[in-house]
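Text of work.cif (mmCIF, C-alpha atoms and all ligand atoms) as supplied:
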data_model
#
loop_
_atom_site.label_atom_id
_atom_site.label_comp_id
_atom_site.auth_asym_id
_atom_site.auth_seq_id
_atom_site.Cartn_x
_atom_site.Cartn_y
_atom_site.Cartn_z
CA MET A 7 66.34 -4.02 -23.12
CA ILE A 8 63.18 -4.20 -25.24
CA LYS A 9 62.70 -0.94 -27.11
CA ILE A 10 59.58 0.47 -28.71
CA ASN A 11 59.11 1.70 -32.26
CA GLU A 12 59.74 5.36 -31.45
CA HIS A 13 57.83 6.54 -34.49
CA TYR A 14 54.69 5.71 -32.50
CA LEU A 15 55.58 8.56 -30.15
CA LYS A 16 55.23 11.02 -33.03
CA LEU A 17 51.58 10.12 -33.59
CA LYS A 18 49.11 12.78 -32.67
CA SER A 19 46.73 11.34 -30.11
CA SER A 20 43.59 10.28 -31.94
CA TYR A 21 41.48 12.40 -29.71
CA LEU A 22 38.81 13.37 -32.28
CA PHE A 23 36.14 10.75 -31.63
CA SER A 24 36.94 10.41 -27.93
CA GLU A 25 36.73 14.19 -27.51
CA ILE A 26 33.36 14.18 -29.31
CA ALA A 27 32.12 11.36 -27.04
CA LYS A 28 33.35 13.24 -23.97
CA ARG A 29 31.55 16.46 -24.89
CA VAL A 30 28.35 14.63 -25.84
CA SER A 31 28.26 12.64 -22.61
CA ALA A 32 28.96 15.74 -20.50
CA TYR A 33 26.05 17.50 -22.21
CA GLN A 34 23.76 14.49 -21.80
CA THR A 35 24.57 14.24 -18.09
CA GLN A 36 23.71 17.90 -17.65
CA TYR A 37 20.50 17.63 -19.72
CA PRO A 38 19.33 13.99 -19.43
CA ASN A 39 15.97 14.66 -21.09
CA GLN A 40 17.33 16.17 -24.30
CA LYS A 41 17.20 13.85 -27.32
CA ILE A 42 20.54 14.01 -29.11
CA ILE A 43 20.72 13.15 -32.82
CA LYS A 44 24.06 11.88 -34.08
CA LEU A 45 25.13 12.89 -37.57
CA GLY A 46 28.77 12.51 -36.70
CA ILE A 47 29.76 8.92 -37.17
CA GLY A 48 30.98 7.33 -40.38
CA ASP A 49 29.09 4.10 -39.82
CA VAL A 50 26.05 2.80 -41.67
CA THR A 51 22.67 2.41 -39.98
CA GLN A 52 20.81 0.04 -42.34
CA PRO A 53 21.19 -3.74 -41.78
CA LEU A 54 22.49 -6.30 -44.27
CA THR A 55 20.02 -7.01 -47.06
CA LYS A 56 17.76 -10.07 -47.29
CA THR A 57 19.76 -11.58 -50.16
CA CYS A 58 23.06 -11.20 -48.30
CA ILE A 59 21.66 -12.71 -45.12
CA GLN A 60 20.24 -15.72 -46.99
CA ALA A 61 23.60 -16.42 -48.64
CA PHE A 62 25.34 -15.89 -45.30
CA HIS A 63 23.03 -18.42 -43.52
CA LYS A 64 23.39 -20.98 -46.29
CA ALA A 65 27.18 -20.77 -46.12
CA VAL A 66 27.17 -21.06 -42.33
CA ASP A 67 25.11 -24.26 -42.69
CA GLU A 68 27.68 -25.61 -45.17
CA MET A 69 30.29 -25.27 -42.44
CA ALA A 70 28.31 -27.77 -40.33
CA HIS A 71 28.76 -30.76 -42.69
CA GLU A 72 31.90 -32.65 -43.44
CA HIS A 73 31.47 -32.70 -47.23
CA THR A 74 30.74 -28.95 -47.51
CA PHE A 75 32.92 -27.69 -44.65
CA LYS A 76 35.66 -25.20 -45.62
CA GLY A 77 38.99 -24.86 -43.84
CA TYR A 78 41.64 -22.37 -44.90
CA GLY A 79 40.60 -20.70 -48.12
CA PRO A 80 42.85 -18.98 -50.65
CA GLU A 81 44.59 -15.97 -49.01
CA GLN A 82 43.60 -13.87 -52.05
CA GLY A 83 39.91 -14.76 -51.70
CA TYR A 84 37.62 -17.28 -53.38
CA LEU A 85 37.42 -17.11 -57.16
CA PHE A 86 33.59 -17.03 -57.07
CA LEU A 87 33.76 -13.57 -55.47
CA ARG A 88 36.77 -12.26 -57.41
CA GLU A 89 35.07 -13.13 -60.72
CA LYS A 90 31.90 -11.24 -59.80
CA ILE A 91 33.92 -8.21 -58.70
CA ALA A 92 35.95 -8.13 -61.92
CA ALA A 93 32.81 -8.33 -64.07
CA PHE A 94 30.46 -6.02 -62.14
CA ASP A 95 32.78 -3.41 -60.62
CA PHE A 96 35.32 -3.03 -63.41
CA GLN A 97 34.64 -4.67 -66.78
CA LYS A 98 31.12 -3.18 -66.79
CA TYR A 99 32.75 0.29 -66.75
CA GLY A 100 35.31 -0.56 -69.42
CA ALA A 101 38.10 -1.11 -66.88
CA ASP A 102 40.12 -4.16 -67.90
CA ILE A 103 40.69 -5.82 -64.49
CA SER A 104 40.91 -9.61 -64.18
CA PRO A 105 39.91 -11.73 -61.16
CA ASP A 106 43.53 -12.59 -60.29
CA GLU A 107 44.34 -8.89 -59.85
CA ILE A 108 41.81 -8.70 -56.99
CA PHE A 109 42.74 -9.45 -53.37
CA ILE A 110 39.82 -9.97 -50.97
CA SER A 111 40.43 -8.68 -47.45
CA ASP A 112 38.75 -7.92 -44.16
CA GLY A 113 38.78 -4.17 -44.69
CA ALA A 114 39.98 -1.21 -46.70
CA LYS A 115 41.26 0.29 -43.46
CA CYS A 116 43.70 -2.63 -43.00
CA ASP A 117 44.66 -2.65 -46.67
CA THR A 118 45.30 1.09 -46.96
CA GLY A 119 47.31 0.79 -43.76
CA ASN A 120 49.21 -2.40 -44.66
CA ILE A 121 50.04 -1.59 -48.28
CA GLN A 122 52.69 0.96 -47.33
CA GLU A 123 54.95 -1.75 -45.90
CA ILE A 124 55.87 -2.86 -49.45
CA PHE A 125 57.39 0.57 -50.18
CA SER A 126 60.77 1.98 -49.21
CA GLU A 127 61.15 3.88 -45.95
CA ASN A 128 62.49 6.82 -48.00
CA THR A 129 59.31 7.14 -50.04
CA CYS A 130 58.11 10.73 -50.37
CA VAL A 131 54.41 10.58 -49.55
CA ALA A 132 51.65 12.99 -50.60
CA ILE A 133 48.57 12.91 -48.42
CA PRO A 134 45.34 14.90 -48.72
CA ASP A 135 44.39 17.52 -46.14
CA PRO A 136 41.73 17.04 -44.79
CA VAL A 137 42.18 13.28 -44.74
CA TYR A 138 40.94 9.87 -43.59
CA PRO A 139 43.55 9.59 -40.77
CA VAL A 140 44.71 6.01 -41.60
CA TYR A 141 46.89 7.13 -44.55
CA LEU A 142 48.85 9.59 -42.45
CA ASP A 143 49.14 7.64 -39.20
CA THR A 144 50.39 4.44 -40.87
CA ASN A 145 53.16 6.40 -42.59
CA VAL A 146 54.06 8.07 -39.30
CA MET A 147 54.33 4.60 -37.72
CA ALA A 148 56.63 3.51 -40.55
CA GLY A 149 58.93 6.50 -40.05
CA ARG A 150 58.14 8.26 -43.33
CA ALA A 151 56.59 11.40 -41.89
CA GLY A 152 59.54 13.05 -40.14
CA MET A 153 59.03 15.28 -37.12
CA PHE A 154 55.79 17.02 -36.22
CA ASP A 155 56.32 20.78 -36.04
CA GLY A 156 53.15 21.48 -34.08
CA GLN A 157 51.05 21.82 -37.23
CA ARG A 158 52.32 19.30 -39.75
CA PHE A 159 54.84 16.50 -40.39
CA GLU A 160 57.93 17.84 -42.12
CA ARG A 161 58.41 15.04 -44.67
CA ILE A 162 54.78 14.73 -45.77
CA VAL A 163 53.58 16.64 -48.83
CA TYR A 164 50.07 17.86 -48.02
CA LEU A 165 47.52 17.94 -50.84
CA GLU A 166 45.19 20.70 -49.76
CA SER A 167 41.48 20.56 -50.49
CA THR A 168 40.04 24.03 -50.08
CA LYS A 169 37.20 26.20 -51.32
CA GLU A 170 39.68 27.75 -53.81
CA ASN A 171 40.34 24.45 -55.60
CA ASN A 172 36.76 23.24 -55.16
CA TYR A 173 38.04 20.57 -52.72
CA ILE A 174 40.03 18.70 -55.39
CA PRO A 175 43.78 19.00 -54.65
CA SER A 176 46.13 20.29 -57.34
CA LEU A 177 49.17 18.33 -58.49
CA PRO A 178 52.14 18.58 -56.09
CA GLN A 179 54.70 21.35 -56.68
CA LYS A 180 57.63 19.01 -55.97
CA PRO A 181 58.05 15.40 -57.16
CA VAL A 182 56.50 12.78 -54.89
CA ASP A 183 56.59 8.97 -55.01
CA LEU A 184 53.36 7.86 -53.41
CA ILE A 185 50.01 9.66 -53.66
CA TYR A 186 46.87 8.92 -51.66
CA LEU A 187 43.59 9.95 -53.27
CA CYS A 188 40.06 9.22 -52.05
CA PHE A 189 36.97 9.85 -54.20
CA PRO A 190 34.13 10.30 -53.41
CA ASN A 191 36.03 11.85 -50.54
CA ASN A 192 35.86 11.31 -46.83
CA PRO A 193 35.51 13.81 -45.16
CA THR A 194 34.63 16.44 -47.82
CA GLY A 195 32.19 14.42 -49.94
CA SER A 196 33.75 15.94 -53.08
CA THR A 197 34.09 13.90 -56.29
CA ILE A 198 36.70 13.97 -59.03
CA THR A 199 35.97 14.21 -62.76
CA LYS A 200 37.61 12.02 -65.40
CA PRO A 201 39.75 14.88 -66.82
CA MET A 202 41.08 15.74 -63.36
CA LEU A 203 41.79 12.13 -62.48
CA THR A 204 43.52 11.81 -65.86
CA SER A 205 45.90 14.61 -64.85
CA TRP A 206 46.84 12.63 -61.72
CA VAL A 207 47.44 9.45 -63.72
CA GLU A 208 49.63 11.41 -66.16
CA TYR A 209 51.55 12.94 -63.26
CA ALA A 210 52.18 9.48 -61.79
CA ARG A 211 53.34 8.11 -65.16
CA GLU A 212 55.71 11.03 -65.76
CA ASN A 213 57.19 10.86 -62.25
CA HIS A 214 57.31 7.06 -61.79
CA ALA A 215 55.00 7.61 -58.85
CA LEU A 216 52.17 5.40 -57.58
CA ILE A 217 48.59 6.40 -56.75
CA LEU A 218 46.72 4.66 -53.94
CA TYR A 219 43.09 5.24 -54.89
CA ASP A 220 40.51 4.72 -52.14
CA ALA A 221 37.07 4.29 -53.70
CA ALA A 222 35.25 3.11 -50.57
CA TYR A 223 32.29 5.37 -51.47
CA GLU A 224 32.10 4.40 -55.16
CA ALA A 225 28.55 3.05 -54.76
CA PHE A 226 27.31 6.59 -54.01
CA ILE A 227 28.23 7.87 -57.49
CA ARG A 228 25.05 8.67 -59.41
CA ASP A 229 26.48 10.49 -62.44
CA ASP A 230 27.83 8.24 -65.18
CA SER A 231 30.30 10.85 -66.38
CA LEU A 232 32.20 10.48 -63.07
CA PRO A 233 34.82 7.73 -62.78
CA HIS A 234 33.79 4.75 -60.64
CA SER A 235 37.30 3.34 -60.81
CA ILE A 236 40.71 4.86 -61.53
CA TYR A 237 41.16 2.07 -64.11
CA GLU A 238 38.63 3.83 -66.34
CA ILE A 239 41.50 6.25 -67.00
CA PRO A 240 43.87 5.07 -69.78
CA GLY A 241 47.32 4.16 -68.45
CA ALA A 242 46.19 3.87 -64.81
CA LYS A 243 46.91 0.14 -64.54
CA GLU A 244 50.67 0.77 -64.50
CA VAL A 245 50.52 3.42 -61.77
CA ALA A 246 47.56 2.80 -59.46
CA ILE A 247 46.31 0.48 -56.75
CA GLU A 248 42.60 0.74 -55.91
CA PHE A 249 40.84 0.00 -52.61
CA ARG A 250 37.17 -0.88 -52.32
CA SER A 251 35.03 -2.00 -49.44
CA PHE A 252 31.63 -3.58 -48.88
CA SER A 253 31.36 -1.54 -45.66
CA LYS A 254 29.55 1.52 -47.02
CA THR A 255 28.36 -0.22 -50.21
CA ALA A 256 26.39 -2.96 -48.49
CA GLY A 257 26.49 -2.41 -44.74
CA PHE A 258 29.49 -4.69 -44.05
CA THR A 259 31.11 -2.42 -41.43
CA GLY A 260 30.50 -5.06 -38.76
CA THR A 261 30.76 -8.11 -41.05
CA ARG A 262 34.11 -7.13 -42.65
CA CYS A 263 34.81 -7.60 -46.34
CA ALA A 264 36.73 -5.44 -48.79
CA TYR A 265 39.17 -5.81 -51.66
CA THR A 266 42.27 -4.30 -53.19
CA VAL A 267 43.14 -4.27 -56.88
CA VAL A 268 46.81 -4.57 -57.77
CA PRO A 269 47.13 -4.82 -61.57
CA LYS A 270 49.82 -7.12 -62.95
CA GLN A 271 51.47 -4.23 -64.83
CA CYS A 272 51.80 -2.07 -61.74
CA MET A 273 55.49 -1.52 -60.91
CA ALA A 274 57.75 0.02 -58.28
CA TYR A 275 61.53 0.24 -58.41
CA ASP A 276 64.55 -1.00 -56.47
CA ASN A 277 67.68 1.05 -55.66
CA GLN A 278 69.07 0.27 -59.12
CA ALA A 279 65.86 1.59 -60.68
CA GLN A 280 64.87 -1.90 -61.81
CA PRO A 281 61.09 -2.42 -61.93
CA HIS A 282 59.36 -4.98 -59.69
CA SER A 283 55.77 -6.20 -59.83
CA LEU A 284 53.71 -4.84 -56.95
CA HIS A 285 51.22 -7.63 -57.55
CA ALA A 286 53.93 -10.16 -56.68
CA LEU A 287 55.03 -8.19 -53.60
CA TRP A 288 51.52 -7.74 -52.27
CA ASN A 289 50.74 -11.40 -52.94
CA ARG A 290 53.86 -12.34 -50.96
CA ARG A 291 52.83 -10.04 -48.12
CA GLN A 292 49.27 -11.32 -47.98
CA THR A 293 50.19 -15.01 -48.18
CA THR A 294 52.65 -14.47 -45.32
CA LYS A 295 50.57 -12.34 -43.00
CA PHE A 296 46.92 -12.95 -43.91
CA ASN A 297 44.77 -16.07 -44.04
CA GLY A 298 41.76 -14.86 -45.94
CA VAL A 299 38.23 -13.70 -45.16
CA SER A 300 35.81 -16.27 -43.79
CA TYR A 301 33.87 -18.34 -46.32
CA PRO A 302 30.36 -17.28 -45.17
CA VAL A 303 31.33 -13.60 -45.36
CA GLN A 304 32.61 -14.04 -48.91
CA ARG A 305 29.38 -15.81 -49.87
CA ALA A 306 27.37 -12.94 -48.33
CA ALA A 307 29.45 -10.45 -50.35
CA GLU A 308 28.94 -12.48 -53.53
CA ALA A 309 25.16 -12.19 -53.08
CA ILE A 310 25.43 -8.41 -53.62
CA TYR A 311 26.18 -9.21 -57.27
CA THR A 312 22.88 -11.00 -57.95
CA GLU A 313 20.10 -9.01 -59.62
CA GLU A 314 18.19 -8.81 -56.33
CA GLY A 315 21.32 -7.99 -54.36
CA GLN A 316 22.17 -5.10 -56.69
CA ALA A 317 18.65 -3.67 -56.40
CA GLU A 318 18.64 -3.95 -52.59
CA VAL A 319 21.99 -2.25 -52.20
CA LYS A 320 21.02 0.53 -54.60
CA HIS A 321 17.83 1.08 -52.62
CA ILE A 322 19.73 1.47 -49.35
CA ILE A 323 22.24 3.91 -50.82
CA ASP A 324 19.43 5.88 -52.47
CA GLY A 325 18.04 6.28 -48.95
CA TYR A 326 21.32 7.67 -47.61
CA LEU A 327 21.56 9.99 -50.62
CA ALA A 328 18.00 11.21 -49.95
CA ASN A 329 19.14 12.04 -46.40
CA ALA A 330 22.15 13.90 -47.83
CA LYS A 331 19.78 15.87 -50.06
CA ILE A 332 17.77 16.94 -47.01
CA ILE A 333 20.99 18.11 -45.35
CA ARG A 334 22.10 20.01 -48.44
CA ASP A 335 18.73 21.68 -49.04
CA SER A 336 18.50 22.82 -45.42
CA LEU A 337 21.99 24.33 -45.60
CA THR A 338 21.14 26.07 -48.88
CA ASP A 339 18.04 27.56 -47.17
CA ILE A 340 20.11 29.13 -44.42
CA GLU A 341 22.83 30.15 -46.91
CA TYR A 342 25.71 28.09 -45.60
CA HIS A 343 28.52 27.14 -47.98
CA TYR A 344 29.01 23.38 -48.35
CA VAL A 345 30.29 20.69 -50.70
CA GLY A 346 29.49 16.98 -51.06
CA GLY A 347 26.33 15.03 -50.37
CA ASP A 348 25.47 14.53 -54.05
CA HIS A 349 27.65 11.45 -54.66
CA SER A 350 28.58 10.89 -51.05
CA PRO A 351 27.03 10.40 -47.61
CA TYR A 352 29.07 13.34 -46.27
CA VAL A 353 28.40 17.06 -46.44
CA TRP A 354 31.33 19.36 -45.66
CA VAL A 355 30.12 22.65 -44.25
CA TYR A 356 31.96 25.94 -43.86
CA THR A 357 31.01 27.39 -40.49
CA GLY A 358 32.70 30.78 -40.59
CA THR A 359 34.02 30.08 -37.10
CA ASP A 360 36.09 27.56 -35.17
CA SER A 361 35.17 23.88 -35.82
CA TRP A 362 34.90 22.96 -32.15
CA GLU A 363 33.02 26.13 -31.25
CA PHE A 364 30.50 25.31 -33.96
CA PHE A 365 30.34 21.71 -32.78
CA ASP A 366 29.43 22.96 -29.26
CA LEU A 367 26.88 25.37 -30.69
CA LEU A 368 25.06 22.59 -32.59
CA LEU A 369 25.20 20.33 -29.56
CA ARG A 370 23.82 22.96 -27.16
CA LYS A 371 21.32 24.74 -29.39
CA ALA A 372 20.17 21.88 -31.63
CA GLN A 373 21.24 18.72 -29.75
CA VAL A 374 22.87 17.52 -32.99
CA VAL A 375 26.30 15.88 -33.11
CA CYS A 376 28.52 16.55 -36.12
CA THR A 377 32.26 16.01 -36.65
CA PRO A 378 34.62 19.01 -36.33
CA GLY A 379 36.57 19.33 -39.59
CA GLU A 380 39.74 20.26 -37.74
CA GLY A 381 40.05 16.61 -36.67
CA PHE A 382 40.83 15.65 -40.29
CA GLY A 383 43.68 18.11 -40.81
CA MET A 384 44.60 21.78 -40.89
CA CYS A 385 42.47 22.47 -43.97
CA GLY A 386 39.46 21.25 -42.01
CA ARG A 387 39.65 24.22 -39.67
CA GLY A 388 36.41 26.15 -39.75
CA TYR A 389 34.51 23.20 -41.24
CA ILE A 390 32.27 20.46 -39.91
CA ARG A 391 31.30 17.16 -41.50
CA ILE A 392 27.64 16.15 -41.41
CA SER A 393 26.92 12.50 -42.14
CA ALA A 394 23.80 11.14 -43.87
CA PHE A 395 24.12 7.78 -42.09
CA ASN A 396 20.97 7.89 -39.98
CA HIS A 397 17.22 7.36 -40.35
CA ILE A 398 15.36 9.88 -42.47
CA GLU A 399 13.13 11.05 -39.59
CA ASN A 400 16.21 11.81 -37.49
CA VAL A 401 17.90 13.65 -40.34
CA GLN A 402 14.76 15.73 -40.96
CA GLU A 403 14.43 16.61 -37.30
CA ALA A 404 18.12 17.36 -36.93
CA MET A 405 18.12 19.72 -39.89
CA GLN A 406 14.98 21.53 -38.66
CA ARG A 407 16.67 22.04 -35.32
CA ILE A 408 19.89 23.25 -36.99
CA GLN A 409 17.90 25.70 -39.13
CA ARG A 410 16.17 27.07 -36.02
CA ALA A 411 19.43 27.32 -34.11
CA LEU A 412 21.29 29.12 -36.88
CA SER A 413 18.73 31.48 -38.38
C1 LIG A 501 34.79 3.67 -44.22
C2 LIG A 501 36.00 3.88 -45.05
C3 LIG A 501 36.73 2.79 -45.52
C4 LIG A 501 36.25 1.38 -45.28
O1 LIG A 501 36.99 0.75 -44.35
P1 LIG A 501 36.68 -0.77 -43.98
O2 LIG A 501 37.89 -1.16 -43.19
O3 LIG A 501 36.56 -1.54 -45.25
O4 LIG A 501 35.42 -0.80 -43.16
C5 LIG A 501 37.85 3.03 -46.30
N1 LIG A 501 38.23 4.28 -46.61
C6 LIG A 501 37.54 5.35 -46.18
C7 LIG A 501 37.97 6.70 -46.59
C8 LIG A 501 36.41 5.18 -45.37
O5 LIG A 501 35.74 6.24 -44.93
#
Please express what this file holds, its structure, as structure tokens.
Ligand SMILES: *Cc1c(COP(=O)(O)O)cnc(C)c1O
Amino acid sequence: MIKINEHYLKLKSSYLFSEIAKRVSAYQTQYPNQKIIKLGIGDVTQPLTKTCIQAFHKAVDEMAHEHTFKGYGPEQGYLFLREKIAAFDFQKYGADISPDEIFISDGAKCDTGNIQEIFSENTCVAIPDPVYPVYLDTNVMAGRAGMFDGQRFERIVYLESTKENNYIPSLPQKPVDLIYLCFPNNPTGSTITKPMLTSWVEYARENHALILYDAAYEAFIRDDSLPHSIYEIPGAKEVAIEFRSFSKTAGFTGTRCAYTVVPKQCMAYDNQAQPHSLHALWNRRQTTKFNGVSYPVQRAAEAIYTEEGQAEVKHIIDGYLANAKIIRDSLTDIEYHYVGGDHSPYVWVYTGTDSWEFFDLLLRKAQVVCTPGEGFGMCGRGYIRISAFNHIENVQEAMQRIQRALS
């Protein structure tokens, strides 16, 4: 008899975005003339830039001629892209990462999900709360989470982000093996300082633990004292894997391109406590299960690293950050507590009530859709996430409506 992976039965139904869609469509059916503004989704609204599109077109044309056609490329990605990434995203910030430590992929979601298969089933995993759900669900699927007690999974160590710790989790009380961190954070929009990130790197070194650092929102950082990469922290190369994505950086959510950095020195241990190179393991995994990102997409991503490409991408992100500033200023006006939005497209707002109740209130009184914080974990209860991914006129109107509804 064919049996299922029973760990899948422990997953909480991912009802967050479907429940939002259900409530929005019920409201719209009841009030068809109301114009709803969506500040709920974590997807970009600006198109690919001119420079990216030109490179994309040129590469597509190359595929049409026998002498420039490309078949299977390297599973790890083309060197032309890996070299640009190493120089612009790491060496520029003093982080000593070489092109062969970079693995190009079709998404940070897949990579953050797939990476855990190279670790033991008995790994003790620390996961932020609130959290980007991929980290938790993929470990549940792999059988590392234990049973769900109605609130939480018994084998997961939750790293709480609350008002008390300024939305930066403290080091775990008990030893853990694998630590997920995401900065600038989704959903809270909070950012970590170099001294605080240093304390995590030191913890990992002392405990032979590994940090999985998701920096998908790195391009939103506008303060040079904040770390762009975990590899700016001394000693991080031995204990950290970093994930990046062109999704939020350059509007690649529909085009798909991302990368993962696995430094050569980064180790994990076998049952005899002998060290093994994670770079070698991940390379083995990728060459077995992955066949690379398409050539035109990698050429489009490479174009981001030209002078024009850099300016275009910065301009787009400046626009999202201007939206976030409008959101923050409006919330300050009506004296709501919030975090984020300064180096992030997300603003995390304390509602003083139930997340879903507040969601309904904004929908009914302001016709604005946000994301209930509860959907990201227990610590999200009482919060909502407002996203700056929209057009400035919509953000302005949405915030005026919210101000009217709440004051
Ligand atoms: C959007 C996002 C990503 C990017 O995922 P892709 O698969 O590269 O589109 C990764 N991590 C977080 C936390 C995100 O919000």
Considering all atoms listed in the file, can you say which of A:Lys44, A:Lys18, A:His321, A:His349 comes closest to Ile392 of chain A?
A:Lys44
Which residues are near segment 47-59 of chain A? Cut-off 8 Å, all atoms listed in the file, ignore same chain within fewer than 2 positions. Put them as a tab-separated table (two decimals) with C-alpha atoms, in the coordinates of the input.
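Produced file selection29.tsv, reproduced below:
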chain	number	residue	atom	x	y	z
A	44	LYS	CA	24.06	11.88	-34.08
A	45	LEU	CA	25.13	12.89	-37.57
A	61	ALA	CA	23.60	-16.42	-48.64
A	62	PHE	CA	25.34	-15.89	-45.30
A	63	HIS	CA	23.03	-18.42	-43.52
A	253	SER	CA	31.36	-1.54	-45.66
A	254	LYS	CA	29.55	1.52	-47.02
A	256	ALA	CA	26.39	-2.96	-48.49
A	257	GLY	CA	26.49	-2.41	-44.74
A	258	PHE	CA	29.49	-4.69	-44.05
A	259	THR	CA	31.11	-2.42	-41.43
A	305	ARG	CA	29.38	-15.81	-49.87
A	306	ALA	CA	27.37	-12.94	-48.33
A	307	ALA	CA	29.45	-10.45	-50.35
A	308	GLU	CA	28.94	-12.48	-53.53
A	309	ALA	CA	25.16	-12.19	-53.08
A	310	ILE	CA	25.43	-8.41	-53.62
A	314	GLU	CA	18.19	-8.81	-56.33
A	315	GLY	CA	21.32	-7.99	-54.36
A	318	GLU	CA	18.64	-3.95	-52.59
A	319	VAL	CA	21.99	-2.25	-52.20
A	322	ILE	CA	19.73	1.47	-49.35
A	376	CYS	CA	28.52	16.55	-36.12
A	377	THR	CA	32.26	16.01	-36.65
A	393	SER	CA	26.92	12.50	-42.14
A	395	PHE	CA	24.12	7.78	-42.09
A	396	ASN	CA	20.97	7.89	-39.98
A	397	HIS	CA	17.22	7.36	-40.35
Do you know which residues are at most 9 Å from Asn145 of chain A counting only C-alpha atoms, after dropping those on the same chain fewer than 6 positions away, and could you put them as an mmCIF file with C-alpha atoms, in the coordinates of the input?
data_model
loop_
_atom_site.group_PDB
_atom_site.id
_atom_site.type_symbol
_atom_site.label_atom_id
_atom_site.label_comp_id
_atom_site.auth_asym_id
_atom_site.auth_seq_id
_atom_site.Cartn_x
_atom_site.Cartn_y
_atom_site.Cartn_z
ATOM 1 C CA GLY A 119 47.310 0.790 -43.760
ATOM 2 C CA GLN A 122 52.690 0.960 -47.330
ATOM 3 C CA GLU A 123 54.950 -1.750 -45.900
ATOM 4 C CA VAL A 131 54.410 10.580 -49.550
ATOM 5 C CA ALA A 151 56.590 11.400 -41.890
#
Could you list, as a VMD selection string, all residues that come within 7 Å of ligand LIG 501 (chain A)? Count only C-alpha atoms and all ligand atoms.
chain A and resid 48 112 to 116 138 188 191 to 192 220 222 251 to 254 259 262 to 264
Would you be able to write out as a list in words which residues have an atom within 10 Å of (57.1, 20.2, -54.1) in the file's coordinates, counting only C-alpha atoms?
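Residues with an atom close enough to that point: Ala132, Val163, Tyr164, Leu177, Pro178, Gln179, Lys180, Pro181 and Val182 of chain A.
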Between A:Thr293, A:Ser104, A:Ser235, A:Thr359, smallest distance to Pro190 of chain A by only C-alpha atoms belongs to A:Ser235
Residue nearest Asp135 of chain A among A:Asp339, A:Asp183, A:Glu166, A:Asp117 (counting only C-alpha atoms)
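With only C-alpha atoms as the atom set, the closest residue is A:Glu166.
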Using all atoms listed in the file, determine which residues lie at most 10 Å from Lys41 of chain A, disregarding the query and same-chain residues fewer than 4 positions distant; provide the list as JSON, numbers by chain.
{"A": [34, 37, 372, 373, 374]}
